[in-house]
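Q: Enclosed is the structure file run-v4.txt (compact mmCIF, C-alpha atoms).
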# COMPACT_ATOMS: atom_id res chain seq x y z
CA MET A 177 41.56 16.72 -6.55
CA PRO A 178 39.66 17.28 -3.28
CA ARG A 179 38.80 14.27 -1.15
CA TYR A 180 35.44 14.30 0.57
CA THR A 181 34.58 12.09 3.53
CA VAL A 182 31.78 9.51 3.36
CA ALA A 183 30.04 8.19 6.48
CA ALA A 184 27.34 5.57 6.87
CA VAL A 185 24.75 6.72 9.40
CA LEU A 186 22.24 4.39 11.08
CA ILE A 187 19.76 4.79 13.91
CA VAL A 188 18.86 1.40 15.37
CA ARG A 189 16.99 -0.37 18.11
CA ASP A 190 17.03 -4.12 18.80
CA GLU A 191 18.65 -4.96 15.46
CA ALA A 192 21.36 -7.34 16.73
CA PRO A 193 20.42 -10.24 14.38
CA ARG A 194 20.57 -7.99 11.30
CA LEU A 195 22.94 -5.10 11.98
CA ARG A 196 26.19 -6.88 11.12
CA ARG A 197 24.86 -7.51 7.62
CA ALA A 198 24.25 -3.78 7.10
CA LEU A 199 27.61 -2.67 8.47
CA ASP A 200 29.62 -5.31 6.59
CA SER A 201 28.00 -4.21 3.33
CA LEU A 202 28.94 -0.55 3.93
CA ARG A 203 32.41 -0.79 5.48
CA PRO A 204 34.47 -1.28 2.28
CA TRP A 205 33.02 1.84 0.65
CA THR A 206 32.87 4.39 3.48
CA ASP A 207 35.29 6.16 5.80
CA ARG A 208 33.25 5.73 8.99
CA LEU A 209 30.31 3.77 10.34
CA VAL A 210 28.20 5.80 12.76
CA VAL A 211 25.48 4.02 14.76
CA VAL A 212 23.09 5.71 17.18
CA ASP A 213 21.21 3.28 19.42
CA THR A 214 17.81 4.48 20.64
CA GLY A 215 17.28 1.97 23.45
CA SER A 216 18.18 -1.58 22.42
CA GLN A 217 17.78 -4.48 24.84
CA ASP A 218 19.40 -7.18 22.72
CA GLY A 219 23.09 -6.38 22.38
CA THR A 220 22.79 -4.23 19.26
CA ALA A 221 25.50 -1.85 20.48
CA ASP A 222 27.97 -4.70 21.00
CA VAL A 223 27.33 -5.99 17.49
CA ALA A 224 27.92 -2.51 16.08
CA ARG A 225 31.21 -2.04 17.93
CA ALA A 226 32.43 -5.47 16.87
CA ALA A 227 31.75 -4.46 13.25
CA GLY A 228 33.90 -1.34 13.63
CA ALA A 229 31.18 1.25 14.13
CA GLU A 230 31.28 4.31 16.34
CA VAL A 231 28.37 3.83 18.74
CA SER A 232 26.48 6.39 20.80
CA HIS A 233 23.15 6.32 22.60
CA LEU A 234 20.10 8.54 22.38
CA ALA A 235 16.80 8.35 24.25
CA TRP A 236 13.84 7.66 21.95
CA HIS A 237 11.40 10.58 21.73
CA HIS A 238 8.98 9.06 19.18
CA ASP A 239 10.46 11.22 16.44
CA PHE A 240 12.54 9.72 13.64
CA SER A 241 13.81 13.03 12.26
CA LEU A 242 15.09 14.06 15.68
CA ALA A 243 17.06 10.81 15.95
CA ARG A 244 18.32 10.94 12.37
CA ASN A 245 19.47 14.53 12.72
CA ALA A 246 21.31 13.73 15.94
CA ALA A 247 23.09 10.88 14.17
CA LEU A 248 23.99 13.12 11.22
CA GLU A 249 25.42 15.73 13.58
CA ARG A 250 27.61 13.09 15.19
CA ALA A 251 28.81 11.83 11.84
CA GLY A 252 29.70 15.26 10.46
CA ALA A 253 30.96 13.96 7.10
CA ASP A 254 30.86 15.63 3.70
CA TRP A 255 28.56 12.86 2.45
CA HIS A 256 26.18 10.63 4.43
CA ILE A 257 24.53 7.41 3.35
CA VAL A 258 21.53 6.77 5.58
CA LEU A 259 20.38 3.19 6.16
CA ASP A 260 18.29 1.31 8.73
CA GLY A 261 19.32 -1.79 10.63
CA ASP A 262 17.09 -4.05 8.54
CA GLU A 263 18.69 -2.82 5.29
CA TRP A 264 21.97 -3.52 3.51
CA LEU A 265 23.88 -2.27 0.50
CA ALA A 266 23.19 -4.94 -2.13
CA ARG A 267 24.81 -3.29 -5.15
CA GLY A 268 26.65 -0.12 -6.08
CA GLY A 269 29.43 0.12 -3.53
CA GLU A 270 31.77 1.49 -6.21
CA THR A 271 29.33 4.34 -6.80
CA LEU A 272 29.28 5.07 -3.09
CA ALA A 273 33.08 5.17 -3.01
CA THR A 274 33.22 7.68 -5.88
CA LEU A 275 31.49 10.25 -3.68
CA ARG A 276 34.93 10.94 -2.21
CA THR A 277 35.73 12.81 -5.42
CA LEU A 278 32.35 14.49 -5.99
CA ARG A 279 31.30 17.85 -4.63
CA PRO A 280 28.33 17.41 -2.25
CA ASP A 281 25.96 19.55 -4.27
CA PHE A 282 23.20 17.02 -5.03
CA VAL A 283 21.08 14.42 -3.24
CA GLY A 284 21.30 10.81 -4.36
CA ALA A 285 18.21 8.60 -4.64
CA VAL A 286 18.84 4.86 -4.44
CA ARG A 287 16.57 1.93 -5.23
CA VAL A 288 15.37 0.14 -2.10
CA ASP A 289 14.15 -3.39 -2.79
CA SER A 290 11.80 -4.50 0.00
CA GLU A 291 11.10 -8.17 0.52
CA HIS A 292 7.55 -9.00 1.58
CA GLY A 293 5.49 -12.08 2.27
CA ALA A 294 6.45 -15.45 3.72
CA GLN A 295 9.79 -16.96 2.76
CA ASP A 296 8.29 -19.56 0.42
CA SER A 297 6.27 -16.93 -1.44
CA ALA A 298 8.35 -13.80 -0.97
CA GLY A 299 8.10 -10.93 -3.41
CA VAL A 300 10.12 -7.76 -3.88
CA ALA A 301 8.82 -4.21 -4.31
CA SER A 302 11.00 -1.23 -5.22
CA SER A 303 11.03 2.36 -4.04
CA TRP A 304 13.36 5.22 -4.92
CA ILE A 305 14.42 7.02 -1.75
CA SER A 306 16.85 9.87 -1.13
CA ARG A 307 19.53 8.25 1.02
CA ILE A 308 22.76 9.89 -0.18
CA LEU A 309 22.89 13.29 1.51
CA PRO A 310 25.39 16.16 1.55
CA GLY A 311 26.70 16.80 5.03
CA HIS A 312 24.50 19.81 5.80
CA VAL A 313 21.13 18.22 4.85
CA ARG A 314 18.79 17.37 7.72
CA TYR A 315 15.39 15.68 8.08
CA ALA A 316 11.90 16.86 9.04
CA GLY A 317 8.92 14.75 10.05
CA ARG A 318 8.08 12.60 13.04
CA ILE A 319 7.81 9.48 10.84
CA HIS A 320 8.51 8.76 7.16
CA GLU A 321 10.81 11.71 7.56
CA GLN A 322 12.08 13.55 4.49
CA PRO A 323 15.40 15.33 3.88
CA GLN A 324 14.93 19.07 3.55
CA HIS A 325 16.83 20.70 0.69
CA THR A 326 16.55 22.51 -2.65
CA LEU A 327 19.30 20.50 -4.37
CA PRO A 328 18.90 18.45 -7.55
CA VAL A 329 18.15 14.76 -6.97
CA ARG A 330 20.01 12.14 -9.00
CA ARG A 331 19.07 8.49 -9.23
CA LEU A 332 22.26 6.55 -8.55
CA PRO A 333 23.04 2.98 -9.71
CA MET A 334 22.81 1.55 -6.20
CA ARG A 335 20.53 -1.07 -4.66
CA VAL A 336 19.60 -1.36 -1.00
CA GLY A 337 17.98 -4.54 0.28
CA HIS A 338 15.30 -4.37 2.98
CA ASP A 339 13.50 -7.16 4.81
CA GLY A 340 11.45 -5.03 7.20
CA TYR A 341 8.18 -6.20 5.62
CA ALA A 342 8.80 -9.88 6.28
CA PRO A 343 6.11 -11.38 8.56
CA MET A 344 8.31 -11.55 11.68
CA ALA A 345 9.50 -7.99 11.16
CA LEU A 346 5.93 -6.75 10.78
CA ASP A 347 4.97 -8.50 13.99
CA ARG A 348 7.75 -6.68 15.83
CA LYS A 349 6.64 -3.29 14.52
CA ALA A 350 2.86 -3.80 14.68
CA GLY A 351 1.13 -0.61 15.78
CA ARG A 352 4.30 1.48 16.06
CA ASN A 353 4.08 3.31 12.75
CA ALA A 354 0.32 3.78 12.90
CA ALA A 355 0.60 5.46 16.30
CA LEU A 356 3.37 7.77 15.10
CA LEU A 357 1.45 8.61 11.95
CA GLN A 358 -1.61 9.52 13.98
CA ARG A 359 0.55 11.85 16.07
CA ALA A 360 2.06 13.39 12.95
CA LEU A 361 -1.38 13.93 11.42
CA GLY A 362 -2.43 15.64 14.62
CA ASP A 363 0.30 18.19 13.88
CA HIS A 364 -0.22 18.27 10.08
CA PRO A 365 -3.77 17.11 9.27
CA ASP A 366 -3.63 18.36 5.68
CA ASP A 367 -0.45 16.55 4.67
CA PRO A 368 -1.43 14.11 1.85
CA TYR A 369 1.80 12.13 2.19
CA LEU A 370 1.06 11.28 5.82
CA TRP A 371 -2.46 10.15 4.89
CA TYR A 372 -0.99 7.95 2.15
CA GLN A 373 1.52 6.42 4.56
CA LEU A 374 -1.19 5.71 7.14
CA GLY A 375 -3.27 4.07 4.43
CA LYS A 376 -0.28 1.99 3.37
CA ASP A 377 0.24 0.86 6.97
CA HIS A 378 -3.42 -0.18 7.21
CA ASP A 379 -3.14 -2.05 3.91
CA VAL A 380 0.03 -3.90 4.98
CA TYR A 381 -1.69 -5.10 8.16
CA GLY A 382 -4.93 -6.08 6.40
CA ARG A 383 -7.09 -3.18 7.59
CA HIS A 384 -8.41 -2.52 4.11
CA ALA A 385 -11.47 -0.39 4.87
CA GLU A 386 -9.29 1.95 6.95
CA ALA A 387 -6.74 2.02 4.14
CA LEU A 388 -9.37 3.17 1.65
CA ARG A 389 -10.49 5.96 3.95
CA CYS A 390 -6.90 7.22 4.28
CA PHE A 391 -6.22 6.99 0.55
CA ASP A 392 -9.32 9.10 -0.07
CA GLN A 393 -8.09 11.66 2.45
CA ALA A 394 -4.70 11.80 0.72
CA GLU A 395 -6.24 12.46 -2.69
CA GLN A 396 -8.64 15.06 -1.33
CA ARG A 397 -5.67 17.00 0.01
CA LEU A 398 -3.80 16.71 -3.27
CA GLY A 399 -6.77 18.37 -4.96
CA ARG A 400 -9.31 17.25 -7.52
CA GLN A 401 -7.05 18.09 -10.48
CA ILE A 402 -3.88 16.11 -9.83
CA PRO A 403 -1.01 17.80 -11.73
CA ALA A 404 1.23 16.10 -14.23
CA ASP A 405 4.11 16.31 -11.75
CA ALA A 406 2.13 14.41 -9.12
CA PRO A 407 4.12 12.87 -6.24
CA LEU A 408 5.76 9.55 -7.09
CA TRP A 409 3.91 7.75 -4.28
CA LEU A 410 0.59 8.31 -6.06
CA HIS A 411 1.34 5.24 -8.18
CA ASP A 412 1.65 3.01 -5.10
CA LEU A 413 -1.53 4.54 -3.64
CA SER A 414 -3.52 3.77 -6.81
CA VAL A 415 -2.34 0.16 -6.98
CA ARG A 416 -2.89 -0.45 -3.26
CA ARG A 417 -6.38 1.03 -3.50
CA LEU A 418 -7.36 -1.53 -6.15
CA HIS A 419 -6.08 -4.26 -3.84
CA ALA A 420 -8.01 -2.84 -0.87
CA LEU A 421 -11.22 -2.52 -2.91
CA LYS A 422 -10.87 -6.16 -3.92
CA CYS A 423 -10.36 -7.25 -0.32
CA CYS A 424 -13.46 -5.26 0.71
CA GLY A 425 -15.54 -6.90 -2.02
CA ARG A 426 -16.08 -3.57 -3.77
CA HIS A 427 -15.33 -4.91 -7.21
CA ALA A 428 -17.54 -2.57 -9.23
CA ASP A 429 -16.03 0.45 -7.47
CA GLY A 430 -12.59 -0.87 -8.30
CA VAL A 431 -13.33 -1.27 -12.00
CA GLN A 432 -14.84 2.22 -12.13
CA ARG A 433 -11.82 3.72 -10.36
CA ALA A 434 -9.47 1.87 -12.73
CA ALA A 435 -11.31 3.29 -15.74
CA GLU A 436 -10.89 6.80 -14.36
CA GLU A 437 -7.15 6.31 -13.81
CA MET A 438 -6.32 4.20 -16.87
CA ALA A 439 -4.75 7.06 -18.82
CA ARG A 440 -2.44 8.01 -15.95
CA TRP A 441 -1.16 4.47 -15.39
CA ASP A 442 -1.26 3.06 -18.91
CA ARG A 443 2.45 2.19 -18.60
CA SER A 444 2.23 0.50 -15.20
CA PRO A 445 2.23 -3.32 -15.06
CA ASP A 446 1.38 -3.08 -11.35
CA PHE A 447 -1.83 -1.19 -12.12
CA PHE A 448 -3.03 -3.72 -14.70
CA PHE A 449 -1.91 -6.64 -12.53
CA ALA A 450 -4.00 -5.38 -9.60
CA LEU A 451 -6.95 -4.70 -11.92
CA GLY A 452 -6.85 -8.24 -13.30
CA ASP A 453 -6.61 -9.62 -9.77
CA LEU A 454 -9.65 -7.60 -8.68
CA MET A 455 -11.73 -8.76 -11.66
CA LEU A 456 -10.77 -12.40 -11.13
CA ASP A 457 -11.93 -12.15 -7.54
CA TRP A 458 -15.18 -10.64 -8.81
CA ALA A 459 -15.67 -13.48 -11.28
CA ALA A 460 -15.01 -16.05 -8.55
CA SER A 461 -17.53 -14.43 -6.20
CA GLU A 462 -20.17 -13.92 -8.93
CA PRO A 463 -19.79 -16.73 -11.51
CA ALA A 464 -22.62 -15.29 -13.60
CA ARG A 465 -20.29 -12.44 -14.52
CA ALA A 466 -17.42 -14.70 -15.57
CA GLY A 467 -18.25 -14.64 -19.27
CA GLU A 468 -18.02 -10.85 -19.29
CA LEU A 469 -15.00 -10.56 -17.02
CA LEU A 470 -12.63 -13.31 -18.20
CA PRO A 471 -11.64 -11.60 -21.48
CA MET A 472 -11.03 -8.36 -19.57
CA ILE A 473 -8.87 -10.16 -17.01
CA GLU A 474 -6.83 -11.79 -19.74
CA GLY A 475 -6.43 -8.42 -21.43
CA ALA A 476 -5.18 -6.81 -18.21
CA TRP A 477 -2.49 -9.42 -17.62
CA GLN A 478 -1.50 -9.47 -21.29
CA ARG A 479 -1.04 -5.73 -20.97
CA CYS A 480 1.39 -6.37 -18.09
CA LEU A 481 3.56 -8.44 -20.41
CA GLU A 482 3.36 -5.84 -23.16
CA ILE A 483 4.63 -3.15 -20.78
CA GLY A 484 7.29 -5.27 -19.11
CA GLU A 485 9.04 -4.54 -15.83
CA ARG A 486 8.95 -0.97 -14.44
CA PRO A 487 11.15 -0.87 -11.32
CA ASP A 488 11.33 2.91 -11.71
CA LEU A 489 7.72 3.25 -10.52
CA GLU A 490 7.14 3.72 -6.79
CA GLY A 491 6.12 0.47 -5.12
CA ALA A 492 6.63 -1.62 -8.27
CA VAL A 493 6.54 -5.35 -7.49
CA HIS A 494 9.13 -7.36 -9.37
CA GLY A 495 7.60 -9.86 -11.77
CA ARG A 496 4.29 -8.16 -12.45
CA GLY A 497 5.55 -7.27 -15.90
CA SER A 498 6.93 -10.77 -16.51
CA HIS A 499 6.70 -14.10 -14.69
CA LEU A 500 3.91 -13.20 -12.24
CA ALA A 501 1.65 -12.10 -15.09
CA THR A 502 2.55 -15.24 -17.05
CA HIS A 503 1.66 -17.38 -14.03
CA ASN A 504 -1.68 -15.63 -13.60
CA LEU A 505 -2.55 -16.17 -17.24
CA ARG A 506 -2.01 -19.90 -16.72
CA VAL A 507 -4.24 -19.79 -13.64
CA LEU A 508 -6.84 -17.92 -15.65
CA ARG A 509 -6.92 -20.59 -18.33
CA GLN A 510 -7.46 -23.25 -15.67
CA PHE A 511 -10.16 -21.09 -14.07
CA SER A 512 -11.88 -20.82 -17.45
CA VAL A 513 -11.78 -24.60 -17.85
CA ASP A 514 -13.24 -25.10 -14.36
CA MET A 515 -16.03 -22.61 -15.08
CA THR A 516 -17.06 -24.61 -18.16
Could you render the structure from this file as structure tokens?
A:
Amino acid sequence: MPRYTVAAVLIVRDEAPRLRRALDSLRPWTDRLVVVDTGSQDGTADVARAAGAEVSHLAWHHDFSLARNAALERAGADWHIVLDGDEWLARGGETLATLRTLRPDFVGAVRVDSEHGAQDSAGVASSWISRILPGHVRYAGRIHEQPQHTLPVRRLPMRVGHDGYAPMALDRKAGRNAALLQRALGDHPDDPYLWYQLGKDHDVYGRHAEALRCFDQAEQRLGRQIPADAPLWLHDLSVRRLHALKCCGRHADGVQRAAEEMARWDRSPDFFFALGDLMLDWAASEPARAGELLPMIEGAWQRCLEIGERPDLEGAVHGRGSHLATHNLRVLRQFSVDMT
């Protein structure tokens, strides 16, 4: 039986407090740890070497695919698992190890669970991202880079943790991604994925009006008739748009948009959770509408429980199909009591 090599490949910068966690989680299941440092000032390279990684340095050229591809060239393995310094392998190491016996003729998508919010109210949202790559696959894109290939994609039973959306992490990265996305859109102004990512960045940092403008641009470039095989990120866009419309006080627009998209997302607890949240905010801001809205809000959150958890959907927040919806229904009952 052939034996294929497996290398973990990371590009990092100023990740000294977090990098050991990533490398320790990968070491038992891989043949090599390859770290490319793009200009750290905090001892990241020393941490990587102490953890057994091969370390090299590369000047940062404001291009993630350039850095990733350089790191992949230096690794040169049959299989690569690509992680960032603020990530770690949380589950599925055995699956990673089995790649040594599998021909590198597919790309593996893994579930990335991203923590967000303050520590005392942290939530987790899931995305499925292609991170297990055959040795020849390379990236394209200045930011939110994508592996370029025509291979089948398999979802593997692996979990990657990520805390890059925690408040302190967001403070460190504030403005970086938006600037790179603007550059990328200058090169590719009709790319709907880049518009979605810029809108997501605006939403994360509370720039909700700008987020809505970018989400509209993304959908315009997808076309009026969105096909059945629409990109997976469209789910996250739709849910984030409801949140942004709520934050902008555009409640009626949000309800109208939800009605237009209800058929597409009728199996999404995140969609109905965000819709209920928007309508509750509307009822709180216009108490005269409460009698009309409260039954609809209750119906939206009951629908979340009927659907249950859907971590397979892009951007799905854990709990919206279970305990978070249950909590909101309790809040709603108290709200109804206060209104009377």
Q: If we count only C-alpha atoms, what is near Arg225 of chain A at a cut-off of 10 Å, once residues fewer than 6 positions away on the same chain are taken out, given as a list in words?
A: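 So the residues in contact are Arg196, Leu209, Val210, Val211 and Val231 of chain A.
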Q: For each of A:Arg331, A:Arg267, A:His292, A:His238, take the minimum atom-to-atom distance to Ile319 of chain A, counting only C-alpha atoms, then give the residue where this is smallest.
A: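 With only C-alpha atoms as the atom set, the closest residue is A:His238.
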Q: Between atom CA of Val212 of chain A and atom CA of Ile308 of chain A, what is the distance, to one decimal in Å?
A: 17.9 Å
Q: Anything within 12 Å of (24.6, 11.5, 3.4): list those residues as a JSON list (two decimals) with C-alpha atoms, keeping the file's coordinate frame, counting all atoms listed in the file and sticking to the file's coordinates.
A:
[["chain", "number", "residue", "atom", "x", "y", "z"],
["A", 180, "TYR", "CA", 35.44, 14.30, 0.57],
["A", 181, "THR", "CA", 34.58, 12.09, 3.53],
["A", 182, "VAL", "CA", 31.78, 9.51, 3.36],
["A", 183, "ALA", "CA", 30.04, 8.19, 6.48],
["A", 184, "ALA", "CA", 27.34, 5.57, 6.87],
["A", 185, "VAL", "CA", 24.75, 6.72, 9.40],
["A", 186, "LEU", "CA", 22.24, 4.39, 11.08],
["A", 206, "THR", "CA", 32.87, 4.39, 3.48],
["A", 208, "ARG", "CA", 33.25, 5.73, 8.99],
["A", 209, "LEU", "CA", 30.31, 3.77, 10.34],
["A", 210, "VAL", "CA", 28.20, 5.80, 12.76],
["A", 244, "ARG", "CA", 18.32, 10.94, 12.37],
["A", 245, "ASN", "CA", 19.47, 14.53, 12.72],
["A", 247, "ALA", "CA", 23.09, 10.88, 14.17],
["A", 248, "LEU", "CA", 23.99, 13.12, 11.22],
["A", 249, "GLU", "CA", 25.42, 15.73, 13.58],
["A", 251, "ALA", "CA", 28.81, 11.83, 11.84],
["A", 252, "GLY", "CA", 29.70, 15.26, 10.46],
["A", 253, "ALA", "CA", 30.96, 13.96, 7.10],
["A", 254, "ASP", "CA", 30.86, 15.63, 3.70],
["A", 255, "TRP", "CA", 28.56, 12.86, 2.45],
["A", 256, "HIS", "CA", 26.18, 10.63, 4.43],
["A", 257, "ILE", "CA", 24.53, 7.41, 3.35],
["A", 258, "VAL", "CA", 21.53, 6.77, 5.58],
["A", 259, "LEU", "CA", 20.38, 3.19, 6.16],
["A", 272, "LEU", "CA", 29.28, 5.07, -3.09],
["A", 275, "LEU", "CA", 31.49, 10.25, -3.68],
["A", 276, "ARG", "CA", 34.93, 10.94, -2.21],
["A", 280, "PRO", "CA", 28.33, 17.41, -2.25],
["A", 281, "ASP", "CA", 25.96, 19.55, -4.27],
["A", 282, "PHE", "CA", 23.20, 17.02, -5.03],
["A", 283, "VAL", "CA", 21.08, 14.42, -3.24],
["A", 284, "GLY", "CA", 21.30, 10.81, -4.36],
["A", 285, "ALA", "CA", 18.21, 8.60, -4.64],
["A", 286, "VAL", "CA", 18.84, 4.86, -4.44],
["A", 306, "SER", "CA", 16.85, 9.87, -1.13],
["A", 307, "ARG", "CA", 19.53, 8.25, 1.02],
["A", 308, "ILE", "CA", 22.76, 9.89, -0.18],
["A", 309, "LEU", "CA", 22.89, 13.29, 1.51],
["A", 310, "PRO", "CA", 25.39, 16.16, 1.55],
["A", 311, "GLY", "CA", 26.70, 16.80, 5.03],
["A", 312, "HIS", "CA", 24.50, 19.81, 5.80],
["A", 313, "VAL", "CA", 21.13, 18.22, 4.85],
["A", 314, "ARG", "CA", 18.79, 17.37, 7.72],
["A", 315, "TYR", "CA", 15.39, 15.68, 8.08],
["A", 323, "PRO", "CA", 15.40, 15.33, 3.88]]
Q: Within 9 Å of Asp200 of chain A, counting all atoms listed in the file, which residues show up once you throw out same-chain ones fewer than 3 positions away? Write them as a list in words, please.
A: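 After dropping sequence-adjacent residues, the list is Leu195, Arg196, Arg197, Arg203, Pro204, Ala227, Trp264 and Leu265 of chain A.
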Q: Rounded to one decimal place, report the atom CA of Glu482 of chain A-atom CA of Glu436 of chain A distance in Å.
A: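 Going from atom CA of Glu482 of chain A over to atom CA of Glu436 of chain A, I get 21.0 Å.
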Q: As lines of an AutoDock Vina configuration file, please report the centre and edge lengths, rounded to one decimal in Å, of the axis-aligned box that holds all listed atoms of segment 234-244 of chain A with 5 Å of padding on each of the six sides.
A:
center_x = 14.5
center_y = 10.9
center_z = 18.3
size_x = 21.1
size_y = 16.4
size_z = 22.0
Q: Do you have the atom CA of His411 of chain A-atom CA of Glu490 of chain A distance handy?
A: 6.2 Å
Q: Which is closer to Gly497 of chain A than all the others in A:Pro445, A:Gln510, A:Ala394, A:Leu469, using only C-alpha atoms?
A: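 Comparing A:Pro445, A:Gln510, A:Ala394, A:Leu469 against Gly497 of chain A, the winner is A:Pro445.
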Q: Hey, which of A:Arg433, A:His503, A:Arg397, A:Lys349 ends up closest to His419 of chain A? Count only C-alpha atoms.
A: A:Arg433
Q: Might you pull out every residue within 12 Å of Gly293 of chain A, with only C-alpha atoms counted and same-chain residues fewer than 2 positions away left off, and present them as a count of residues only?
A: 20
Q: From the options A:Gly491, A:Pro333, A:Pro407, A:Pro328, which residue's atoms come nearest to Thr271 of chain A, counting all atoms listed in the file?
A: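 Using all atoms listed in the file, Thr271 of chain A sits closest to A:Pro333.
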Q: With distances taken over all atoms listed in the file, which of A:Glu321, A:Asp379, A:Asp488, A:Asp457 is nearest to Arg443 of chain A?
A: A:Asp488
Q: Env of Ala192 of chain A: 7 Å cut, atoms = all atoms listed in the file, seq-sep filter 6 positions within chain, self excluded. Answer as a PyMOL selection string.
A: chain A and resi 218-220+223
Q: Write out the residues from the selection above, keeping C-alpha atoms, as a short mmCIF file (atom, residue, chain, number, x, y, z; two decimals), in the coordinates of the input.
A:
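In the end it all went to again_14.cif:
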data_model
loop_
_atom_site.label_atom_id
_atom_site.label_comp_id
_atom_site.auth_asym_id
_atom_site.auth_seq_id
_atom_site.Cartn_x
_atom_site.Cartn_y
_atom_site.Cartn_z
CA ASP A 218 19.40 -7.18 22.72
CA GLY A 219 23.09 -6.38 22.38
CA THR A 220 22.79 -4.23 19.26
CA VAL A 223 27.33 -5.99 17.49
#
Q: Could you give me, as a ChimeraX atom specification, the residues that sit within 12 Å of (-4.3, -7.2, -6.5) in the file's coordinates, counting only C-alpha atoms?
A: /A:379,412,414-424,427,430,445-458,473,476-477,493,496,500-501,504
Q: Using the incomplete input, complete segment 461-476 of chain A to the level of N, CA and C atoms; output as a compact mmCIF listing (two decimals), in the frame of the given file.
A:
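The result, stored in part_14.txt:
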# COMPACT_ATOMS: atom_id res chain seq x y z
N SER A 461 -16.45 -14.65 -7.16
CA SER A 461 -17.53 -14.43 -6.20
C SER A 461 -18.89 -14.35 -6.88
N GLU A 462 -18.92 -13.99 -8.17
CA GLU A 462 -20.17 -13.92 -8.93
C GLU A 462 -19.98 -14.64 -10.27
N PRO A 463 -20.07 -15.97 -10.28
CA PRO A 463 -19.79 -16.73 -11.51
C PRO A 463 -20.63 -16.30 -12.71
N ALA A 464 -21.79 -15.72 -12.47
CA ALA A 464 -22.62 -15.29 -13.60
C ALA A 464 -21.94 -14.20 -14.42
N ARG A 465 -21.00 -13.50 -13.82
CA ARG A 465 -20.29 -12.44 -14.52
C ARG A 465 -19.04 -12.94 -15.24
N ALA A 466 -18.69 -14.20 -15.07
CA ALA A 466 -17.42 -14.70 -15.57
C ALA A 466 -17.27 -14.50 -17.08
N GLY A 467 -18.33 -14.77 -17.83
CA GLY A 467 -18.25 -14.64 -19.27
C GLY A 467 -17.86 -13.24 -19.71
N GLU A 468 -18.34 -12.25 -18.98
CA GLU A 468 -18.02 -10.85 -19.29
C GLU A 468 -16.62 -10.48 -18.82
N LEU A 469 -16.23 -11.02 -17.65
CA LEU A 469 -15.00 -10.56 -17.02
C LEU A 469 -13.75 -11.28 -17.51
N LEU A 470 -13.84 -12.55 -17.87
CA LEU A 470 -12.63 -13.31 -18.20
C LEU A 470 -11.83 -12.69 -19.34
N PRO A 471 -12.44 -12.25 -20.43
CA PRO A 471 -11.64 -11.60 -21.48
C PRO A 471 -10.96 -10.32 -20.98
N MET A 472 -11.62 -9.59 -20.10
CA MET A 472 -11.03 -8.36 -19.57
C MET A 472 -9.85 -8.68 -18.66
N ILE A 473 -9.97 -9.75 -17.88
CA ILE A 473 -8.87 -10.16 -17.01
C ILE A 473 -7.67 -10.56 -17.85
N GLU A 474 -7.93 -11.37 -18.87
CA GLU A 474 -6.83 -11.79 -19.74
C GLU A 474 -6.17 -10.58 -20.39
N GLY A 475 -6.97 -9.62 -20.82
CA GLY A 475 -6.43 -8.42 -21.43
C GLY A 475 -5.56 -7.62 -20.48
N ALA A 476 -5.96 -7.55 -19.20
CA ALA A 476 -5.18 -6.81 -18.21
C ALA A 476 -3.82 -7.45 -18.01
